[in-house]
Amino acid sequence: MQLPYVYRVTKYDPADRDEHGHYTGSEGTVSDHGEIEASYLQAVAAFAQDTGVDHLAVREPQVPSLAHFGSEPLVDGFGLAGLFPAGPTGFHDGAEVPLDIALELVRGMLRDNGAWCRLETEGAFAVHVGWDQYLYIGSSRPCGEALARTRALGLFPERLDSSPYEMETDGADVQRPGDDEFWAGLNWAVAACRAGLLEETYIEGASRWHRLTRDSIDTVRAGIAPRARLAVWPDLSTDVDAVIAALPAEGLVECVWQDKGGRIHSAVADEDEFAELAARLSNAEAAALLSVYADECVPLFTAVMPDDDGVVRARWQTEPTPSDRNWAFLKTLCRGETVTGTVTWIADFGVTFVDIGGFEAMINIPELSWRPFDHPSDIVSVGQEINAEILDVDPVRERVSLSLKALHEDPMPLLTVQIGQILVGRVTKLIPFGVFVRIEEVENGFEGLVHNSELADEHLEHPQLGIQVGDALLVKILDIDTVRRRITLSHRQAVSGL
């Protein structure tokens with residue numbers, strides 16, 4: 001929500017600007033750690049008081065991603081030492097802080113000491129610290145007293161339409177929640193050996209890694225930071241020598257490894273640091289190399305941890321993976337709906353695959369037709385456009401099951417009126433205990449079984465003798481079981497009934 005009153009507060013006199021709006025005065029672009037810095041903080045406090053705000057929420061916290069480069073550990077505290085008793089993980093999206101802590105965060109950002117965030121009270125107040133000592137304050141109220149106080153402090157407030165640091169979201173990005181469904185899918189992926197590594201980004205620019213087993217997933221989930229962004233990757237390789245050998249000749253790579261004590265480490269390194277990185281990897285239990293370039297290395301799937309009420313309020317901007325897009329598409333589908341798709345291929349094992357809006361759904365053999373057939377290609381063909389009913393949507397395994405026959409009436413119950421009738425059918429198959437006979441004059445008509453005991457009156461050693469596939473055979477319909485889809489016929493009773 002954009003606030004109606006937004007002010008840019010600076011130490012720069014608007015009179016000292018050229019025709020292009022560029023500052024031409026003598027003020028420095030860094031904090032003086034003194035009187036001017038204190039004036040900025042007093043101005044923020046004055047606007048907060050006028051708005052009636054005494055707590056703010058941390059939004060989109062960041063630390064310099066350069067802290068990851070090289071084999072050195074992250075910078076302790078990210079410039080926030082003492083502000084968050086729980087350490088850096090307390091500096092998370094949505095963390096509520098009292099005004100005095102918020103002012104200390106503003107101080108840290110003015111000093112450019114390694115951490116940045118938006119400070120906001122939804123629908124009421126916002127503080128954004130920009131480059132070169134530019135401060136943007138938004139309020140739901142005009143804040144006349146705060147404006148006067150700011151000017152009295154020697155600062156210059158200017159009215160703007162909006163803060164340039166306003167978070168812009170178009171709502172089009174996939175924001176998959178790290179809910180029960182996500183964790184069930186992760187459990188399945190780990191059990192299927194598709195996944196084994198979880199990257200938890202709890203601050204933009206800072207993450208920690210978790211190696212997953214089916215027994216450890218619940219423990220890992222319990223320790224995830226609020227509103228963290230999650231990325232799932234394949235498991236580490238135990239062939240550490242092969243990982244070391246795969247280091248490129250030049251460029252940047254991120255390496256993740258597990259030491260013999262079970263701890264997970266990560267480092268981003270370039271060719272100048274590969275020797276040191278390789279030395280550290282030589283004692284690792286397992287390791288993996290990941291590209292740092294977005295178009296070269298994509299996680300299996302991602303998610304954002306929701307709040308306790310299940311709502312995702314974190315505004316992480318992520319590039320959706322194919323799996324994330326599949327998940328978003330599957331959320332639009334419901335059982336019983338009719339979809340239109342194109343048959344893409346028919347597998348050797350008989351399953352038919354259908355493209356429904358870029359997602360490949362499947363039709364199992366029993367769902368192709370009510371009538372008997374020899375092969376799916378007797379019913380559908382590749383490239384054919386079909387309508388089908390959704391039987392099931394499984395977002396965990398990313399599967400959609402369709403039925404072609406569900407859109408058509410089952411013709412078998414219509415045959416029950418013929419029970420007791422005598423007709424001539426065509427023999428379709430010979431089996432050791434009887435013969436199958438088609439009782440409808442269509443190519444894929446229903447077939448019934450004439451048991452050997454129903455082929456002749458006398459007990460014959462070879463009751464099928466002389467019967468061949470394609471022969472016409474007189475039969476009587478004894479029973480039609482629509483549940484088990486069985487039709488029972490008798491040649492013996494048909495002949496005796498004439």
# chains A, B, ... in the order shown; residues from 1 in each chain; ligands from 1

$ select_by_dssp --residues "stretch 72-198 of chain A" --states "strand (DSSP E or B)" --output "list in words"
Glu96, Val97, Pro98, Trp116, Cys117, Arg118, Leu119, Glu120, Thr121, Phe125, Ala126, Val127, His128, Val129, Leu135, Tyr136, Ile137, Gly138, Ser139, Phe156, Pro157, Glu158, Arg159, Leu160, Pro177, Leu197 and Leu198 of chain A

$ write_last_selection --atoms "C-alpha atoms" --output "PDB file, in the first residue's frame"
ATOM      1  CA  GLU A  96       8.847  -6.397  14.864  1.00  0.00           C
ATOM      2  CA  VAL A  97      11.217  -3.931  16.526  1.00  0.00           C
ATOM      3  CA  PRO A  98      10.500  -1.045  18.918  1.00  0.00           C
ATOM      4  CA  TRP A 116      19.947  -2.691   4.918  1.00  0.00           C
ATOM      5  CA  CYS A 117      16.194  -3.090   5.199  1.00  0.00           C
ATOM      6  CA  ARG A 118      12.924  -1.292   4.783  1.00  0.00           C
ATOM      7  CA  LEU A 119      11.267  -0.296   8.057  1.00  0.00           C
ATOM      8  CA  GLU A 120       7.497  -0.222   7.791  1.00  0.00           C
ATOM      9  CA  THR A 121       4.248  -0.277   9.719  1.00  0.00           C
ATOM     10  CA  PHE A 125       4.459   4.449   8.257  1.00  0.00           C
ATOM     11  CA  ALA A 126       7.676   3.672   6.389  1.00  0.00           C
ATOM     12  CA  VAL A 127      11.366   4.616   6.590  1.00  0.00           C
ATOM     13  CA  HIS A 128      13.722   3.878   3.687  1.00  0.00           C
ATOM     14  CA  VAL A 129      17.393   4.812   3.779  1.00  0.00           C
ATOM     15  CA  LEU A 135      16.129   9.417   3.794  1.00  0.00           C
ATOM     16  CA  TYR A 136      12.550   8.698   2.679  1.00  0.00           C
ATOM     17  CA  ILE A 137       9.749   8.828   5.230  1.00  0.00           C
ATOM     18  CA  GLY A 138       6.171   7.902   4.432  1.00  0.00           C
ATOM     19  CA  SER A 139       3.106   8.389   6.618  1.00  0.00           C
ATOM     20  CA  PHE A 156      15.269  19.697   4.359  1.00  0.00           C
ATOM     21  CA  PRO A 157      12.040  17.724   3.871  1.00  0.00           C
ATOM     22  CA  GLU A 158      10.660  17.619   0.308  1.00  0.00           C
ATOM     23  CA  ARG A 159       7.276  16.202  -0.646  1.00  0.00           C
ATOM     24  CA  LEU A 160       7.347  13.308  -3.158  1.00  0.00           C
ATOM     25  CA  PRO A 177       4.452 -21.353   0.381  1.00  0.00           C
ATOM     26  CA  LEU A 197      20.123 -30.334  -0.014  1.00  0.00           C
ATOM     27  CA  LEU A 198      18.114 -27.355   1.245  1.00  0.00           C
TER      28      LEU A 198
END

$ select_by_dssp --residues "stretch 386-435 of chain A" --states "helix (DSSP H, G or I)" --output "ChimeraX atom specification"
/A:405-407,412-418

$ write_last_selection --atoms "N, CA, C and O atoms" --output "PDB file, in the first residue's frame"
ATOM      1  N   LYS A 405     -12.783 -41.688 -20.703  1.00  0.00           N
ATOM      2  CA  LYS A 405     -14.082 -42.372 -20.688  1.00  0.00           C
ATOM      3  C   LYS A 405     -15.083 -41.727 -19.730  1.00  0.00           C
ATOM      4  O   LYS A 405     -16.285 -41.912 -19.870  1.00  0.00           O
ATOM      5  N   ALA A 406     -14.563 -40.913 -18.758  1.00  0.00           N
ATOM      6  CA  ALA A 406     -15.473 -40.313 -17.774  1.00  0.00           C
ATOM      7  C   ALA A 406     -16.440 -39.334 -18.410  1.00  0.00           C
ATOM      8  O   ALA A 406     -17.478 -39.012 -17.825  1.00  0.00           O
ATOM      9  N   LEU A 407     -16.099 -38.836 -19.612  1.00  0.00           N
ATOM     10  CA  LEU A 407     -16.975 -37.887 -20.290  1.00  0.00           C
ATOM     11  C   LEU A 407     -18.031 -38.585 -21.144  1.00  0.00           C
ATOM     12  O   LEU A 407     -18.825 -37.927 -21.815  1.00  0.00           O
ATOM     13  N   MET A 412     -22.119 -50.454 -21.125  1.00  0.00           N
ATOM     14  CA  MET A 412     -22.348 -51.816 -20.667  1.00  0.00           C
ATOM     15  C   MET A 412     -23.694 -51.994 -19.965  1.00  0.00           C
ATOM     16  O   MET A 412     -24.402 -52.977 -20.219  1.00  0.00           O
ATOM     17  N   PRO A 413     -24.094 -51.060 -19.061  1.00  0.00           N
ATOM     18  CA  PRO A 413     -25.406 -51.265 -18.415  1.00  0.00           C
ATOM     19  C   PRO A 413     -26.565 -51.349 -19.406  1.00  0.00           C
ATOM     20  O   PRO A 413     -27.588 -51.983 -19.114  1.00  0.00           O
ATOM     21  N   LEU A 414     -26.412 -50.743 -20.593  1.00  0.00           N
ATOM     22  CA  LEU A 414     -27.477 -50.801 -21.587  1.00  0.00           C
ATOM     23  C   LEU A 414     -27.658 -52.214 -22.144  1.00  0.00           C
ATOM     24  O   LEU A 414     -28.717 -52.546 -22.689  1.00  0.00           O
ATOM     25  N   LEU A 415     -26.605 -53.037 -21.992  1.00  0.00           N
ATOM     26  CA  LEU A 415     -26.690 -54.409 -22.497  1.00  0.00           C
ATOM     27  C   LEU A 415     -27.436 -55.349 -21.560  1.00  0.00           C
ATOM     28  O   LEU A 415     -27.779 -56.469 -21.948  1.00  0.00           O
ATOM     29  N   THR A 416     -27.662 -54.920 -20.323  1.00  0.00           N
ATOM     30  CA  THR A 416     -28.270 -55.834 -19.355  1.00  0.00           C
ATOM     31  C   THR A 416     -29.677 -56.267 -19.762  1.00  0.00           C
ATOM     32  O   THR A 416     -30.154 -57.321 -19.329  1.00  0.00           O
ATOM     33  N   VAL A 417     -30.330 -55.472 -20.605  1.00  0.00           N
ATOM     34  CA  VAL A 417     -31.676 -55.859 -21.069  1.00  0.00           C
ATOM     35  C   VAL A 417     -31.607 -57.075 -21.985  1.00  0.00           C
ATOM     36  O   VAL A 417     -32.638 -57.707 -22.287  1.00  0.00           O
ATOM     37  N   GLN A 418     -30.397 -57.420 -22.460  1.00  0.00           N
ATOM     38  CA  GLN A 418     -30.249 -58.562 -23.363  1.00  0.00           C
ATOM     39  C   GLN A 418     -29.943 -59.861 -22.629  1.00  0.00           C
ATOM     40  O   GLN A 418     -29.744 -60.903 -23.276  1.00  0.00           O
TER      41      GLN A 418
END

$ residues_around --residues "A:Ala275" --least-positions-apart "6" --cutoff "10 Å" --atoms "only C-alpha atoms" --output "PDB file with N, CA and C atoms, in the first residue's frame"
ATOM      1  N   ILE A 244      36.301 -31.871  -6.915  1.00  0.00           N
ATOM      2  CA  ILE A 244      37.493 -31.021  -7.012  1.00  0.00           C
ATOM      3  C   ILE A 244      37.972 -30.957  -8.461  1.00  0.00           C
ATOM      4  N   LEU A 247      36.301 -28.371 -10.814  1.00  0.00           N
ATOM      5  CA  LEU A 247      36.496 -26.929 -10.693  1.00  0.00           C
ATOM      6  C   LEU A 247      36.916 -26.358 -12.048  1.00  0.00           C
ATOM      7  N   ALA A 269      33.950 -18.818  -4.675  1.00  0.00           N
ATOM      8  CA  ALA A 269      35.377 -18.598  -4.928  1.00  0.00           C
ATOM      9  C   ALA A 269      35.619 -18.417  -6.418  1.00  0.00           C
ATOM     10  N   LEU A 281      38.313 -28.898   0.731  1.00  0.00           N
ATOM     11  CA  LEU A 281      37.439 -29.986   0.300  1.00  0.00           C
ATOM     12  C   LEU A 281      38.086 -31.354   0.478  1.00  0.00           C
TER      13      LEU A 281
END

$ closest_residue --among "A:Ser453, A:Thr29, A:Thr219, A:Ser207" --to "A:Pro64" --atoms "only C-alpha atoms"
A:Ser207

$ closest_residue --among "A:Ala494, A:Lys11, A:Ile439, A:Asp481" --to "A:Leu455" --atoms "only C-alpha atoms"
A:Ala494

$ residues_around --residues "A:Asp324" --least-positions-apart "6" --cutoff "10 Å" --atoms "only C-alpha atoms" --output "list in words"
Asp173, Val174, Gln175, Arg176, Leu300, Phe301, Thr302, Ala303 and Leu330 of chain A

$ atom_distance --atom1 "atom CA of A:Pro234" --atom2 "atom CA of A:Phe353"
26.3 Å

$ atom_distance --atom1 "atom CA of A:Arg194" --atom2 "atom CA of A:Gly310"
26.6 Å

$ residues_around --residues "A:Ser496" --least-positions-apart "2" --cutoff "12 Å" --atoms "only C-alpha atoms" --output "count of residues only"
14

$ closest_residue --among "A:Arg227, A:Leu290, A:Thr238, A:Leu423" --to "A:Val256" --atoms "only C-alpha atoms"
A:Leu290

$ residues_around --residues "A:His265" --least-positions-apart "4" --cutoff "10 Å" --atoms "only C-alpha atoms" --output "number ranges by chain"
A: 71, 73, 208-210, 255-259, 284, 287

$ write_last_selection --atoms "C-alpha atoms" --output "tab-separated table (two decimals), in the first residue's frame"
chain	number	residue	atom	x	y	z
A	71	SER	CA	36.65	-18.94	1.36
A	73	PRO	CA	33.38	-16.94	6.77
A	208	ARG	CA	22.68	-21.57	5.41
A	209	TRP	CA	22.55	-25.09	4.07
A	210	HIS	CA	20.95	-28.29	5.34
A	255	CYS	CA	30.85	-24.86	-3.36
A	256	VAL	CA	28.82	-26.59	-0.66
A	257	TRP	CA	30.38	-29.35	1.40
A	258	GLN	CA	29.87	-31.40	4.54
A	259	ASP	CA	32.80	-31.92	6.86
A	284	ALA	CA	35.11	-33.32	3.22
A	287	ALA	CA	30.48	-31.83	-1.76

$ closest_residue --among "A:Leu153, A:Ala189, A:Ala146, A:Ile379" --to "A:Val232" --atoms "only C-alpha atoms"
A:Ala189

$ residues_around --residues "A:Val427" --least-positions-apart "5" --cutoff "7 Å" --atoms "only C-alpha atoms" --output "list in words"
Val435, Phe436, Val437, Arg438, Val469, Gly470, Asp471, Ala472 and Leu473 of chain A

$ write_last_selection --atoms "all heavy atoms" --output "PDB file, in the first residue's frame"
ATOM      1  N   VAL A 435     -13.430 -69.561 -24.476  1.00  0.00           N
ATOM      2  CA  VAL A 435     -13.240 -68.689 -25.627  1.00  0.00           C
ATOM      3  C   VAL A 435     -13.958 -67.368 -25.363  1.00  0.00           C
ATOM      4  O   VAL A 435     -14.980 -67.330 -24.664  1.00  0.00           O
ATOM      5  CB  VAL A 435     -13.769 -69.321 -26.933  1.00  0.00           C
ATOM      6  CG1 VAL A 435     -13.045 -70.623 -27.238  1.00  0.00           C
ATOM      7  CG2 VAL A 435     -15.275 -69.552 -26.869  1.00  0.00           C
ATOM      8  N   PHE A 436     -13.422 -66.312 -25.933  1.00  0.00           N
ATOM      9  CA  PHE A 436     -14.079 -65.015 -25.856  1.00  0.00           C
ATOM     10  C   PHE A 436     -14.835 -64.762 -27.152  1.00  0.00           C
ATOM     11  O   PHE A 436     -14.327 -65.038 -28.247  1.00  0.00           O
ATOM     12  CB  PHE A 436     -13.055 -63.899 -25.617  1.00  0.00           C
ATOM     13  CG  PHE A 436     -12.644 -63.774 -24.178  1.00  0.00           C
ATOM     14  CD1 PHE A 436     -11.487 -64.385 -23.714  1.00  0.00           C
ATOM     15  CD2 PHE A 436     -13.428 -63.057 -23.289  1.00  0.00           C
ATOM     16  CE1 PHE A 436     -11.114 -64.272 -22.382  1.00  0.00           C
ATOM     17  CE2 PHE A 436     -13.065 -62.924 -21.961  1.00  0.00           C
ATOM     18  CZ  PHE A 436     -11.908 -63.544 -21.501  1.00  0.00           C
ATOM     19  N   VAL A 437     -16.029 -64.197 -26.986  1.00  0.00           N
ATOM     20  CA  VAL A 437     -16.900 -63.949 -28.134  1.00  0.00           C
ATOM     21  C   VAL A 437     -17.393 -62.499 -28.057  1.00  0.00           C
ATOM     22  O   VAL A 437     -17.887 -62.061 -27.010  1.00  0.00           O
ATOM     23  CB  VAL A 437     -18.097 -64.916 -28.145  1.00  0.00           C
ATOM     24  CG1 VAL A 437     -19.038 -64.582 -29.298  1.00  0.00           C
ATOM     25  CG2 VAL A 437     -17.613 -66.356 -28.230  1.00  0.00           C
ATOM     26  N   ARG A 438     -17.261 -61.760 -29.174  1.00  0.00           N
ATOM     27  CA  ARG A 438     -17.772 -60.394 -29.251  1.00  0.00           C
ATOM     28  C   ARG A 438     -19.266 -60.459 -29.522  1.00  0.00           C
ATOM     29  O   ARG A 438     -19.703 -61.093 -30.489  1.00  0.00           O
ATOM     30  CB  ARG A 438     -17.058 -59.610 -30.347  1.00  0.00           C
ATOM     31  CG  ARG A 438     -17.513 -58.145 -30.417  1.00  0.00           C
ATOM     32  CD  ARG A 438     -16.815 -57.389 -31.535  1.00  0.00           C
ATOM     33  NE  ARG A 438     -15.383 -57.318 -31.291  1.00  0.00           N
ATOM     34  CZ  ARG A 438     -14.457 -57.697 -32.175  1.00  0.00           C
ATOM     35  NH1 ARG A 438     -14.828 -58.182 -33.341  1.00  0.00           N
ATOM     36  NH2 ARG A 438     -13.178 -57.594 -31.885  1.00  0.00           N
ATOM     37  N   VAL A 469     -10.408 -68.461 -34.104  1.00  0.00           N
ATOM     38  CA  VAL A 469     -10.652 -67.028 -34.005  1.00  0.00           C
ATOM     39  C   VAL A 469     -11.277 -66.550 -35.307  1.00  0.00           C
ATOM     40  O   VAL A 469     -10.809 -66.880 -36.401  1.00  0.00           O
ATOM     41  CB  VAL A 469      -9.344 -66.249 -33.717  1.00  0.00           C
ATOM     42  CG1 VAL A 469      -9.571 -64.739 -33.811  1.00  0.00           C
ATOM     43  CG2 VAL A 469      -8.794 -66.614 -32.352  1.00  0.00           C
ATOM     44  N   GLY A 470     -12.358 -65.793 -35.185  1.00  0.00           N
ATOM     45  CA  GLY A 470     -13.076 -65.290 -36.354  1.00  0.00           C
ATOM     46  C   GLY A 470     -14.331 -66.072 -36.667  1.00  0.00           C
ATOM     47  O   GLY A 470     -15.172 -65.600 -37.453  1.00  0.00           O
ATOM     48  N   ASP A 471     -14.468 -67.241 -36.047  1.00  0.00           N
ATOM     49  CA  ASP A 471     -15.673 -68.047 -36.285  1.00  0.00           C
ATOM     50  C   ASP A 471     -16.891 -67.376 -35.688  1.00  0.00           C
ATOM     51  O   ASP A 471     -16.811 -66.680 -34.670  1.00  0.00           O
ATOM     52  CB  ASP A 471     -15.526 -69.438 -35.655  1.00  0.00           C
ATOM     53  CG  ASP A 471     -14.590 -70.345 -36.439  1.00  0.00           C
ATOM     54  OD1 ASP A 471     -14.178 -69.922 -37.555  1.00  0.00           O
ATOM     55  OD2 ASP A 471     -14.261 -71.430 -35.935  1.00  0.00           O
ATOM     56  N   ALA A 472     -18.051 -67.591 -36.342  1.00  0.00           N
ATOM     57  CA  ALA A 472     -19.332 -67.168 -35.767  1.00  0.00           C
ATOM     58  C   ALA A 472     -19.794 -68.257 -34.809  1.00  0.00           C
ATOM     59  O   ALA A 472     -19.713 -69.451 -35.122  1.00  0.00           O
ATOM     60  CB  ALA A 472     -20.355 -66.951 -36.866  1.00  0.00           C
ATOM     61  N   LEU A 473     -20.270 -67.840 -33.620  1.00  0.00           N
ATOM     62  CA  LEU A 473     -20.672 -68.813 -32.607  1.00  0.00           C
ATOM     63  C   LEU A 473     -21.987 -68.381 -31.993  1.00  0.00           C
ATOM     64  O   LEU A 473     -22.160 -67.217 -31.605  1.00  0.00           O
ATOM     65  CB  LEU A 473     -19.587 -68.927 -31.527  1.00  0.00           C
ATOM     66  CG  LEU A 473     -19.734 -70.101 -30.544  1.00  0.00           C
ATOM     67  CD1 LEU A 473     -19.485 -71.428 -31.267  1.00  0.00           C
ATOM     68  CD2 LEU A 473     -18.754 -69.960 -29.384  1.00  0.00           C
TER      69      LEU A 473
END

$ closest_residue --among "A:Asp307, A:Pro320, A:Trp370, A:His451" --to "A:His408" --atoms "only C-alpha atoms"
A:Trp370

$ closest_residue --among "A:Leu80, A:Leu478, A:Val495, A:Ala15" --to "A:Asn113" --atoms "only C-alpha atoms"
A:Leu80
